[in-house]
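Reading through the structure tokens given below for one structure.
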Amino acid sequence: MSGRLNSAQPYAVGLFRVVVGLLFACHGAASLFGILGGAAGTDGGTLDAGTWPGWYAAVIQLVGGTFVLLGLGTRVAALITSGSMAYAYFNVHQQAALWPIQNGGEASAMFCWAFLLLVFTGSGALGVDRLFARRSATATGERTSADQTPVAA
């Protein structure tokens, strides 16, 4: 059974990446364009352009979430988005209370850790990163880690 699960690992990581990226991008789109219910606390409105830190966070959410969703520059995009969520948790939410359940920072904490995981795992299957790695390896005749079977710890 372990062998089957290990062979499915890149696909599970890829699916995880797509879902997390989509959910994160939706937060940014809601805040910037007023869709999907709009920005939190605005009754369906948007954030004023250039306001700190909300508008910049929304841009990171939309752009970073889209990059992660596509699997394009996944590790870098995930590092930036993870950092933005760490900032959101420690500088916005934790001032209200210590625990995420008390201060409303559960989403920030979960996104922070989910993106940090993607920094270390990469895009998994079905990502643009993996497509580029295969093309460049084919051109040079090398074998990439994308072609090798995953190794579980």
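If you're wondering about the labels, chains in the structure tokens are A, B, ... by order shown, residues count from 1 in each chain, ligands from 1 in order shown.
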
Excluding Gly44 of chain A and its own-chain neighbours fewer than 5 positions away, which residues fall within 9 Å of it when counting only C-alpha atoms? Please give them as a compact mmCIF listing (two decimals) with N, CA and C atoms, in the first residue's frame.
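Saved to out31.txt:
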# COMPACT_ATOMS: atom_id res chain seq x y z
N ALA A 30 -11.54 39.01 -4.26
CA ALA A 30 -12.65 39.59 -3.49
C ALA A 30 -12.28 40.97 -2.97
N SER A 31 -11.08 41.12 -2.46
CA SER A 31 -10.66 42.39 -1.88
C SER A 31 -10.38 43.45 -2.93
N GLY A 34 -14.14 43.27 -5.49
CA GLY A 34 -15.45 43.24 -4.88
C GLY A 34 -16.31 42.06 -5.28
N ILE A 35 -15.70 41.04 -5.86
CA ILE A 35 -16.45 39.84 -6.24
C ILE A 35 -16.45 38.86 -5.09
N LEU A 36 -17.27 37.84 -5.17
CA LEU A 36 -17.31 36.78 -4.16
C LEU A 36 -17.57 37.33 -2.75
N GLY A 37 -18.35 38.39 -2.66
CA GLY A 37 -18.69 38.96 -1.36
C GLY A 37 -17.87 40.17 -0.98
N GLY A 38 -16.85 40.47 -1.74
CA GLY A 38 -16.05 41.66 -1.48
C GLY A 38 -15.08 41.48 -0.33
N ALA A 39 -14.38 42.55 -0.04
CA ALA A 39 -13.39 42.55 1.04
C ALA A 39 -14.09 42.43 2.39

Subject >> Proximity to Thr121 of chain A - best of A:Gln94, A:Asn6, A:Gln61, A:Thr74, only C-alpha atoms >> reply: A:Thr74

Subject >> Spatial neighbours of segment 10-23 of chain A, max dist 12 Å, only C-alpha atoms, sep filter under 5 positions, as JSON, numbers by chain >> reply: {"A": [4, 5, 28, 29, 30, 36, 60, 61, 62, 63, 64, 65, 66, 67, 68, 69, 70, 71, 72, 74, 75, 77, 78, 81, 82, 107, 110, 111, 112, 113, 114, 115, 116, 117, 118, 119, 120, 121, 122, 123, 124, 125, 126, 127, 128, 129, 130, 145, 146, 147, 148, 149, 150, 151, 152]}

Subject >> Residue list (alpha helix (DSSP H), DSSP) for chain A, as a ChimeraX atom specification >> reply: /A:2-33,54-70,74-88,100-103,106-121,128-140
